[in-house]
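Structure first, then comments.
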Amino acid sequence: MPAIVLVGAQWGDEGKGKATDLLGSRVDYVVKFNGGNNAGHTVVIGDEKYALHLLPSGILTPGCTPVIGNGVVVDLAVLFEELEGLRARDVDTSRLVVSADAHVIAPYNRVLDKVTERFLGSRRIGTTGRGIGPTYADKMNRVGIRVQDLFDEGILRQKVEGALELKNQILTKIYNRRAITVDEVVEELLEHAEALRPMVRDTGLLLTDALDDGRTVLLEAGQATLLDVDHGTYPFVTSSSATAGGACTGSGIPPNRIDRVVAILKAYTTRVGEGPFPTELHDDMGEFLRKTGGEYGTTTGRPRRCGWFDAVVGRYAQRINGVTDFVITKLDTLSGLETVPVCVAYDVDGVRHDEMPMTQSDFHHAKPIYEELPGWWEDISHCRSFEELPVNAQRYVERLEELVGQRVSAIGVGPGRDQIISRHDLLEG
Ligand code: GDP
Ligand code: IMO
Ligand code: MG
C-alpha cells in the first residue's frame, strides 16, 4: 500500500508539520527520516499549539505510529524532554518507535557545532547549534555513536574513547576549550538508555512489513530541498538528505515502494541562517511578510529572512523530488497587496536562467526577473473551497502551478488544522 514522501520545497519552515498533521488520521506510520532537533514544526489544533523538534508530527494523531528512522540524529535529552512535554498535555506517546541504527548526538558534537561557527566568523553557516553537522560528520567518518551502542556499556565506552581522542585535540589545541572526559559523555548518553530500550526496533523491517500488510506510511522530511547537503545551496545547507531520495536511505524503504511525493511550498519565500537568497527583501515589504506571516524560527526564535515567491526554486524542487502534488501554504499572508511579484527566472550577468544555475557563484549573482500578479484584499482565512477564493488569489495559485510544473493539490489559508482548501486527494493521486 502507499508510501508517501513529504518534503519542503524551499529553505524550510514551509508548513510541513501542518501538512503531515492534516494527513495524520489517514496514515498508519509517520516516519522522520533525516535531520534532528534542528527542525521546528508548529502544529495548531483548535486552541492548542504544539512545537515539535525531534518527534515526527504524527505523534499528535491518535492511532498513528511515529517512527524515528535510521537517517535521523537523536539528542536523547531533547527526545525525552519533548515526550515529557507532550505527556503533560495528555498526548499519548506510547507508540513511538526509534531505529537501532539512528545516530546519537553526543555532547562534544553540540560543543563543536557552536565553537566551529564562532571560529568561522563571517564565513559561518548560521547553524541551529544543536550538533547536527558534527554528528553527521562522525557518521560518515565511521566514528559515530548509534542508538544500539547504548545497550552495551563496554562498546559505548570504547566508541566514545575513540571519538574523543581526536575531538579533545581539536577542542583544546584549536579552540582553547577544556577537554571532555569519557565518563561525562558516557554518563549523559546512558541517562535515558533504559527508558529508550523498549522503543528501539529494526524500523526498516517494521516499515516494509507494514507496507506488505497494506498499511499507509508517510515519510516526513525535516528541512527542505535547498538545505539538502547534495542538492541545496552548499555549503549553506544542513548536513542531511532532505529531498525525496533521502526518504529511502533514511528509512530503509526501497525506492520502488514510494508512490507519491508531496512538496510543501510557501506562497512566498523564507530562509533562516546564512546563504544566498535571490528574492530576499530588505525593505518594508520584507518586514510586512515577517510580521503578517509570523516569520520567527520555531527552533531558535531567529527572525526569518523573507522574500517573494521564487518559481526557479519551485521548479527545481519539482525536478529533484519528482513531486506529484504541491501544497501551497500561507496564501492568507499575501492578502492586502496591490500586486504580488513572483520571480519567474534569474538574470545572471545579463544571461537569463530559467533553471537553477549550475554553480553556486552564479546563484550568488542571480537577480530575480519578476512578473507582477494582481493582488487581493479579502481575508481568505475562512475560505474552504477554491471557488470561494477571490479571483486574483485563484489566479495566483494557477500561475504558480504553471510555473512550477505540477498541480497544487491543497492550499493553506491559516495555521489551524481545518484552514485548508483541498483540490485533489494527496494519498490517492
Ligand atoms: P515546518 O518546519 O515546515 O513544519 O514549518 P514551521 O512550523 O517551522 O513554520 C510554518 C508556520 O506557518 C507555523 O507557525 C505554522 O503554524 C504556520 N502555518 C502553516 N500553514 C499555514 C497557512 O496556510 N497559513 C498561515 N497563516 N500559517 C500557516
Ligand atoms: P524545518 O524542518 C529552516 C538551517 C539553519 C542553517 C542551516 C544549517 O523546521 O524546516 P544545522 O543546524 O542544520 O546544521 O543548520 O540549516 N536549518 C533550517 N532552516 N528550517 C529548518 O528545519 C532548518 N533546519 C536547519 O538555519 O542555516
Ligand atoms: Mg520549521
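Each chain of the C-alpha cells is named A, B, ... in the order shown, its residues numbered from 1; ligands are numbered from 1 in display order.
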
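Proximal residues of ligand 3 are Gly12, Asp13, Glu14, Gly15, Lys16, Gly17, Asn38, Ala39, Gly40, His41, Thr42, Leu52, His53, Gly222, Gln223, Gly297, Thr298 and Thr299 of chain A, by a cut-off of 9 Å on only C-alpha atoms and all ligand atoms.
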
Can those selected residues be exported to a file as a tab-separated table (two decimals), in the first residue's frame so that it contains all heavy atoms?
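Listing of selection-v2.tsv after writing:
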```tsv
chain	number	residue	atom	x	y	z
A	12	GLY	N	12.96	25.47	4.06
A	12	GLY	CA	12.44	25.04	5.36
A	12	GLY	C	11.30	25.92	5.85
A	12	GLY	O	11.01	26.98	5.26
A	13	ASP	N	10.60	25.44	6.88
A	13	ASP	CA	9.51	26.18	7.52
A	13	ASP	C	8.37	26.49	6.56
A	13	ASP	O	7.70	27.52	6.67
A	13	ASP	CB	10.04	27.49	8.14
A	13	ASP	CG	11.19	27.23	9.10
A	13	ASP	OD1	11.14	26.20	9.79
A	13	ASP	OD2	12.13	28.04	9.13
A	14	GLU	N	8.13	25.59	5.63
A	14	GLU	CA	7.05	25.79	4.66
A	14	GLU	C	5.69	25.43	5.26
A	14	GLU	O	4.65	25.78	4.69
A	14	GLU	CB	7.27	24.90	3.42
A	14	GLU	CG	8.51	25.22	2.61
A	14	GLU	CD	9.74	24.44	3.08
A	14	GLU	OE1	9.64	23.78	4.13
A	14	GLU	OE2	10.78	24.50	2.39
A	15	GLY	N	5.71	24.70	6.38
A	15	GLY	CA	4.44	24.24	6.96
A	15	GLY	C	4.31	22.73	6.83
A	15	GLY	O	3.21	22.20	6.72
A	16	LYS	N	5.45	22.03	6.85
A	16	LYS	CA	5.44	20.56	6.71
A	16	LYS	C	4.68	19.92	7.86
A	16	LYS	O	3.94	18.96	7.67
A	16	LYS	CB	6.88	20.01	6.67
A	16	LYS	CG	7.69	20.52	5.49
A	16	LYS	CD	9.11	20.01	5.52
A	16	LYS	CE	9.96	20.63	6.62
A	16	LYS	NZ	10.23	22.07	6.45
A	17	GLY	N	4.88	20.47	9.07
A	17	GLY	CA	4.23	19.90	10.25
A	17	GLY	C	2.73	19.92	10.11
A	17	GLY	O	2.05	18.93	10.38
A	38	ASN	N	17.18	20.20	14.86
A	38	ASN	CA	17.30	21.47	14.14
A	38	ASN	C	15.95	21.85	13.54
A	38	ASN	O	15.69	23.01	13.26
A	38	ASN	CB	18.38	21.39	13.04
A	38	ASN	CG	18.29	20.15	12.17
A	38	ASN	OD1	17.57	19.20	12.48
A	38	ASN	ND2	19.02	20.14	11.07
A	39	ALA	N	15.09	20.86	13.33
A	39	ALA	CA	13.76	21.12	12.78
A	39	ALA	C	12.87	21.78	13.83
A	39	ALA	O	13.10	21.63	15.02
A	39	ALA	CB	13.13	19.82	12.32
A	40	GLY	N	11.89	22.50	13.35
A	40	GLY	CA	10.88	23.07	14.24
A	40	GLY	C	9.57	23.10	13.50
A	40	GLY	O	9.46	23.78	12.48
A	41	HIS	N	8.63	22.30	13.96
A	41	HIS	CA	7.33	22.25	13.28
A	41	HIS	C	6.25	22.71	14.25
A	41	HIS	O	6.14	22.18	15.33
A	41	HIS	CB	6.99	20.82	12.85
A	41	HIS	CG	8.08	20.15	12.05
A	41	HIS	ND1	8.58	20.70	10.89
A	41	HIS	CD2	8.74	19.00	12.24
A	41	HIS	CE1	9.52	19.90	10.41
A	41	HIS	NE2	9.64	18.86	11.22
A	42	THR	N	5.48	23.70	13.82
A	42	THR	CA	4.38	24.16	14.66
A	42	THR	C	3.08	23.58	14.12
A	42	THR	O	2.79	23.70	12.94
A	42	THR	CB	4.29	25.70	14.64
A	42	THR	OG1	5.55	26.20	15.08
A	42	THR	CG2	3.19	26.21	15.55
A	52	LEU	N	7.10	21.03	17.72
A	52	LEU	CA	7.84	19.75	17.72
A	52	LEU	C	9.20	19.96	17.08
A	52	LEU	O	9.32	20.70	16.11
A	52	LEU	CB	7.06	18.70	16.93
A	52	LEU	CG	5.68	18.37	17.47
A	52	LEU	CD1	4.91	17.54	16.45
A	52	LEU	CD2	5.78	17.63	18.80
A	53	HIS	N	10.20	19.30	17.60
A	53	HIS	CA	11.54	19.41	17.01
A	53	HIS	C	12.03	18.07	16.50
A	53	HIS	O	12.29	17.88	15.34
A	53	HIS	CB	12.50	20.02	18.02
A	53	HIS	CG	12.09	21.40	18.41
A	53	HIS	ND1	12.23	22.46	17.55
A	53	HIS	CD2	11.46	21.88	19.51
A	53	HIS	CE1	11.74	23.54	18.12
A	53	HIS	NE2	11.26	23.22	19.31
A	222	GLY	N	12.62	16.59	7.41
A	222	GLY	CA	12.94	17.83	8.10
A	222	GLY	C	13.63	18.71	7.08
A	222	GLY	O	14.00	18.27	5.99
A	223	GLN	N	13.79	20.00	7.39
A	223	GLN	CA	14.48	20.94	6.50
A	223	GLN	C	13.83	20.96	5.11
A	223	GLN	O	12.63	20.80	5.04
A	223	GLN	CB	15.99	20.63	6.41
A	223	GLN	CG	16.74	20.87	7.72
A	223	GLN	CD	16.49	19.78	8.74
A	223	GLN	OE1	16.66	18.60	8.47
A	223	GLN	NE2	16.08	20.16	9.93
A	297	GLY	N	11.74	31.87	13.81
A	297	GLY	CA	12.05	30.45	13.88
A	297	GLY	C	11.42	29.74	15.06
A	297	GLY	O	11.41	30.26	16.17
A	298	THR	N	10.90	28.52	14.81
A	298	THR	CA	10.30	27.69	15.86
A	298	THR	C	11.40	27.14	16.77
A	298	THR	O	11.17	26.88	17.94
A	298	THR	CB	9.54	26.50	15.21
A	298	THR	OG1	8.70	27.02	14.19
A	298	THR	CG2	8.70	25.75	16.20
A	299	THR	N	12.60	26.96	16.23
A	299	THR	CA	13.67	26.33	17.00
A	299	THR	C	14.54	27.36	17.71
A	299	THR	O	14.81	27.24	18.90
A	299	THR	CB	14.55	25.45	16.06
A	299	THR	OG1	13.69	24.46	15.50
A	299	THR	CG2	15.67	24.77	16.81
```

Can you list, as a count of residues only, all residues belonging to segment 133-307 of chain A that DSSP tags as helix (DSSP H, G or I)?
-> 84

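Atom CA of Glu402 of chain A sits 26.4 Å away from atom CA of Ala3 of chain A.
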
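Counting only C-alpha atoms and all ligand atoms, the residue from A:Gly204, A:Gly414, A:Gly154, A:Gly336 that sits nearest to ligand 1 is A:Gly414.
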
Would you kindly return, as a ChimeraX atom specification, each protein, DNA or RNA residue with an atom no farther than 8 Å from any atom of segment 102-118 of chain A, considering only C-alpha atoms and excluding same-chain residues fewer than 4 positions away?
-> /A:68-76,98,124-127,129-135,139,144-147,167,171,175,180,185,188-189

Emit the selected residues as a tab-separated table (two decimals), in the first residue's frame, including N, CA and C atoms.
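result06.tsv, written as the output of this step:
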```tsv
chain	number	residue	atom	x	y	z
A	68	ILE	N	11.12	7.26	14.41
A	68	ILE	CA	12.37	8.00	14.18
A	68	ILE	C	13.27	7.05	13.40
A	69	GLY	N	13.51	7.37	12.13
A	69	GLY	CA	14.21	6.46	11.23
A	69	GLY	C	15.71	6.47	11.43
A	70	ASN	N	16.39	5.57	10.73
A	70	ASN	CA	17.85	5.45	10.85
A	70	ASN	C	18.61	6.68	10.36
A	71	GLY	N	17.97	7.49	9.50
A	71	GLY	CA	18.64	8.66	8.96
A	71	GLY	C	18.66	9.87	9.88
A	72	VAL	N	18.01	9.72	11.03
A	72	VAL	CA	17.87	10.86	11.96
A	72	VAL	C	19.05	10.87	12.93
A	73	VAL	N	19.41	12.06	13.44
A	73	VAL	CA	20.36	12.14	14.55
A	73	VAL	C	19.59	12.57	15.80
A	74	VAL	N	19.78	11.80	16.87
A	74	VAL	CA	18.91	11.93	18.04
A	74	VAL	C	19.65	12.54	19.22
A	75	ASP	N	19.12	13.65	19.75
A	75	ASP	CA	19.61	14.19	21.02
A	75	ASP	C	18.68	13.60	22.08
A	76	LEU	N	19.22	12.69	22.89
A	76	LEU	CA	18.37	11.93	23.82
A	76	LEU	C	17.68	12.82	24.84
A	98	VAL	N	11.89	3.89	17.65
A	98	VAL	CA	13.16	4.53	17.29
A	98	VAL	C	14.08	3.49	16.65
A	124	ARG	N	30.50	31.86	8.69
A	124	ARG	CA	29.63	30.90	9.40
A	124	ARG	C	28.41	30.51	8.55
A	125	ILE	N	27.82	29.36	8.89
A	125	ILE	CA	26.65	28.86	8.18
A	125	ILE	C	25.37	29.40	8.84
A	126	GLY	N	25.47	29.76	10.11
A	126	GLY	CA	24.26	30.14	10.84
A	126	GLY	C	23.49	28.91	11.26
A	127	THR	N	24.20	27.88	11.76
A	127	THR	CA	23.52	26.63	12.13
A	127	THR	C	22.64	26.85	13.36
A	129	GLY	N	23.04	25.21	15.98
A	129	GLY	CA	23.89	24.96	17.15
A	129	GLY	C	23.51	23.72	17.94
A	130	ARG	N	22.82	22.80	17.29
A	130	ARG	CA	22.34	21.61	18.00
A	130	ARG	C	23.27	20.40	17.85
A	131	GLY	N	24.38	20.58	17.16
A	131	GLY	CA	25.33	19.47	16.99
A	131	GLY	C	25.03	18.58	15.79
A	132	ILE	N	24.17	19.07	14.91
A	132	ILE	CA	23.70	18.26	13.78
A	132	ILE	C	24.86	17.94	12.82
A	133	GLY	N	25.55	18.98	12.34
A	133	GLY	CA	26.63	18.80	11.35
A	133	GLY	C	27.72	17.87	11.87
A	134	PRO	N	28.28	18.14	13.06
A	134	PRO	CA	29.34	17.27	13.58
A	134	PRO	C	28.88	15.81	13.77
A	135	THR	N	27.62	15.61	14.11
A	135	THR	CA	27.15	14.22	14.31
A	135	THR	C	27.06	13.48	12.98
A	139	LYS	N	29.22	10.23	11.58
A	139	LYS	CA	28.60	9.07	10.91
A	139	LYS	C	29.39	8.73	9.65
A	144	GLY	N	30.75	7.46	14.62
A	144	GLY	CA	29.50	7.87	15.28
A	144	GLY	C	29.06	6.89	16.36
A	145	ILE	N	28.16	7.36	17.21
A	145	ILE	CA	27.56	6.51	18.24
A	145	ILE	C	26.12	6.25	17.81
A	146	ARG	N	25.72	4.99	17.77
A	146	ARG	CA	24.36	4.68	17.36
A	146	ARG	C	23.50	4.28	18.55
A	147	VAL	N	22.18	4.36	18.35
A	147	VAL	CA	21.24	4.01	19.42
A	147	VAL	C	21.58	2.62	19.98
A	167	LYS	N	38.80	14.53	19.05
A	167	LYS	CA	37.99	15.74	19.36
A	167	LYS	C	38.63	16.57	20.46
A	171	LEU	N	39.46	20.40	20.40
A	171	LEU	CA	38.85	21.32	21.37
A	171	LEU	C	39.91	22.10	22.15
A	175	TYR	N	40.59	25.25	19.60
A	175	TYR	CA	39.56	26.16	20.11
A	175	TYR	C	39.79	26.64	21.54
A	180	ILE	N	36.94	17.12	27.16
A	180	ILE	CA	35.72	16.47	27.67
A	180	ILE	C	36.09	15.04	28.07
A	185	VAL	N	30.62	11.89	29.09
A	185	VAL	CA	29.85	11.60	27.87
A	185	VAL	C	29.03	10.32	28.07
A	188	GLU	N	26.08	10.90	30.33
A	188	GLU	CA	24.95	11.60	29.69
A	188	GLU	C	24.21	10.67	28.74
A	189	LEU	N	24.96	9.89	27.95
A	189	LEU	CA	24.31	9.04	26.96
A	189	LEU	C	23.51	7.91	27.61
```

Spatial neighbours of Ala345 of chain A, max dist 6 Å, only C-alpha atoms, sep filter under 3 positions, as a short mmCIF file (atom, residue, chain, number, x, y, z; two decimals) with C-alpha atoms, in the first residue's frame:
```cif
data_model
loop_
_atom_site.label_atom_id
_atom_site.label_comp_id
_atom_site.auth_asym_id
_atom_site.auth_seq_id
_atom_site.Cartn_x
_atom_site.Cartn_y
_atom_site.Cartn_z
CA VAL A 312 13.01 28.75 -10.23
CA HIS A 353 18.33 31.43 -16.40
CA ASP A 354 15.02 29.56 -16.25
CA ILE A 369 13.16 38.60 -13.03
#
```

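Among A:Thr324, A:Thr269, A:Gln158, A:Ser25, the residue with the shortest atom-to-atom distance to ligand 2, counting only C-alpha atoms and all ligand atoms, is A:Thr269.
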
Separation of atom CA of Arg201 of chain A from atom CA of Tyr50 of chain A in Å | 26.4 Å

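When the distance limit is 10 Å and only C-alpha atoms are what count, the residues near Val186 of chain A, minus those fewer than 2 positions from it on the same chain, are Ala106, Pro107, Leu150, Glu153, Leu156, Arg157, Gln158, Lys159, Val160, Glu161, Thr181, Val182, Asp183, Glu184, Glu188, Leu189, Leu190 and Glu191 of chain A.
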
Picked from segment 191-319 of chain A by DSSP as strand (DSSP E), as a PyMOL selection string = chain A and resi 200-201+217-220+258-266+269-271+305-307+309-310

With C-alpha atoms retained, export the selected residues as a compact mmCIF listing (two decimals), in the first residue's frame.
```txt
# COMPACT_ATOMS: atom_id res chain seq x y z
CA VAL A 200 14.04 0.58 19.78
CA ARG A 201 13.28 -1.54 16.72
CA VAL A 217 3.38 5.11 5.54
CA LEU A 218 4.17 8.82 5.42
CA LEU A 219 7.85 9.77 5.28
CA GLU A 220 8.23 13.29 6.60
CA ILE A 258 7.30 5.07 -2.90
CA ASP A 259 4.03 6.04 -4.56
CA ARG A 260 3.67 9.77 -4.13
CA VAL A 261 5.83 12.78 -3.36
CA VAL A 262 4.14 15.80 -1.80
CA ALA A 263 6.14 19.02 -1.60
CA ILE A 264 5.21 21.96 0.59
CA LEU A 265 5.66 25.43 -0.89
CA LYS A 266 5.14 28.64 0.99
CA THR A 269 9.92 32.51 0.48
CA THR A 270 11.75 32.47 3.81
CA ARG A 271 15.19 31.40 4.94
CA ARG A 305 14.64 36.31 6.12
CA CYS A 306 11.65 36.95 3.83
CA GLY A 307 11.18 37.44 0.09
CA PHE A 309 7.93 33.51 -4.32
CA ASP A 310 10.71 32.06 -6.42
```

What's the 9 Å shell around segment 81-84 of chain A, counting only C-alpha atoms, without same-chain residues fewer than 3 positions away, as a PDB file with C-alpha atoms, in the first residue's frame?
```
ATOM      1  CA  LEU A  52       7.837  19.755  17.724  1.00  0.00           C
ATOM      2  CA  HIS A  53      11.536  19.409  17.013  1.00  0.00           C
ATOM      3  CA  LEU A  54      12.658  15.832  17.064  1.00  0.00           C
ATOM      4  CA  LEU A  55       9.401  13.928  17.133  1.00  0.00           C
ATOM      5  CA  LEU A  76      18.368  11.928  23.818  1.00  0.00           C
ATOM      6  CA  ALA A  77      17.797  14.711  26.331  1.00  0.00           C
ATOM      7  CA  VAL A  78      15.675  16.605  23.803  1.00  0.00           C
ATOM      8  CA  ARG A  87       2.565  13.613  28.052  1.00  0.00           C
ATOM      9  CA  ALA A  88       1.941  16.569  30.355  1.00  0.00           C
ATOM     10  CA  ARG A  89      -0.584  17.748  27.748  1.00  0.00           C
ATOM     11  CA  VAL A  91      -0.809  13.273  24.279  1.00  0.00           C
ATOM     12  CA  THR A  93       3.355   8.992  23.199  1.00  0.00           C
TER      13      THR A  93
END
```

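Across the model, the gap from atom 8 (C, counted along the ligand's line) of ligand 2 to atom CA of Asn168 of chain A is 23.5 Å.
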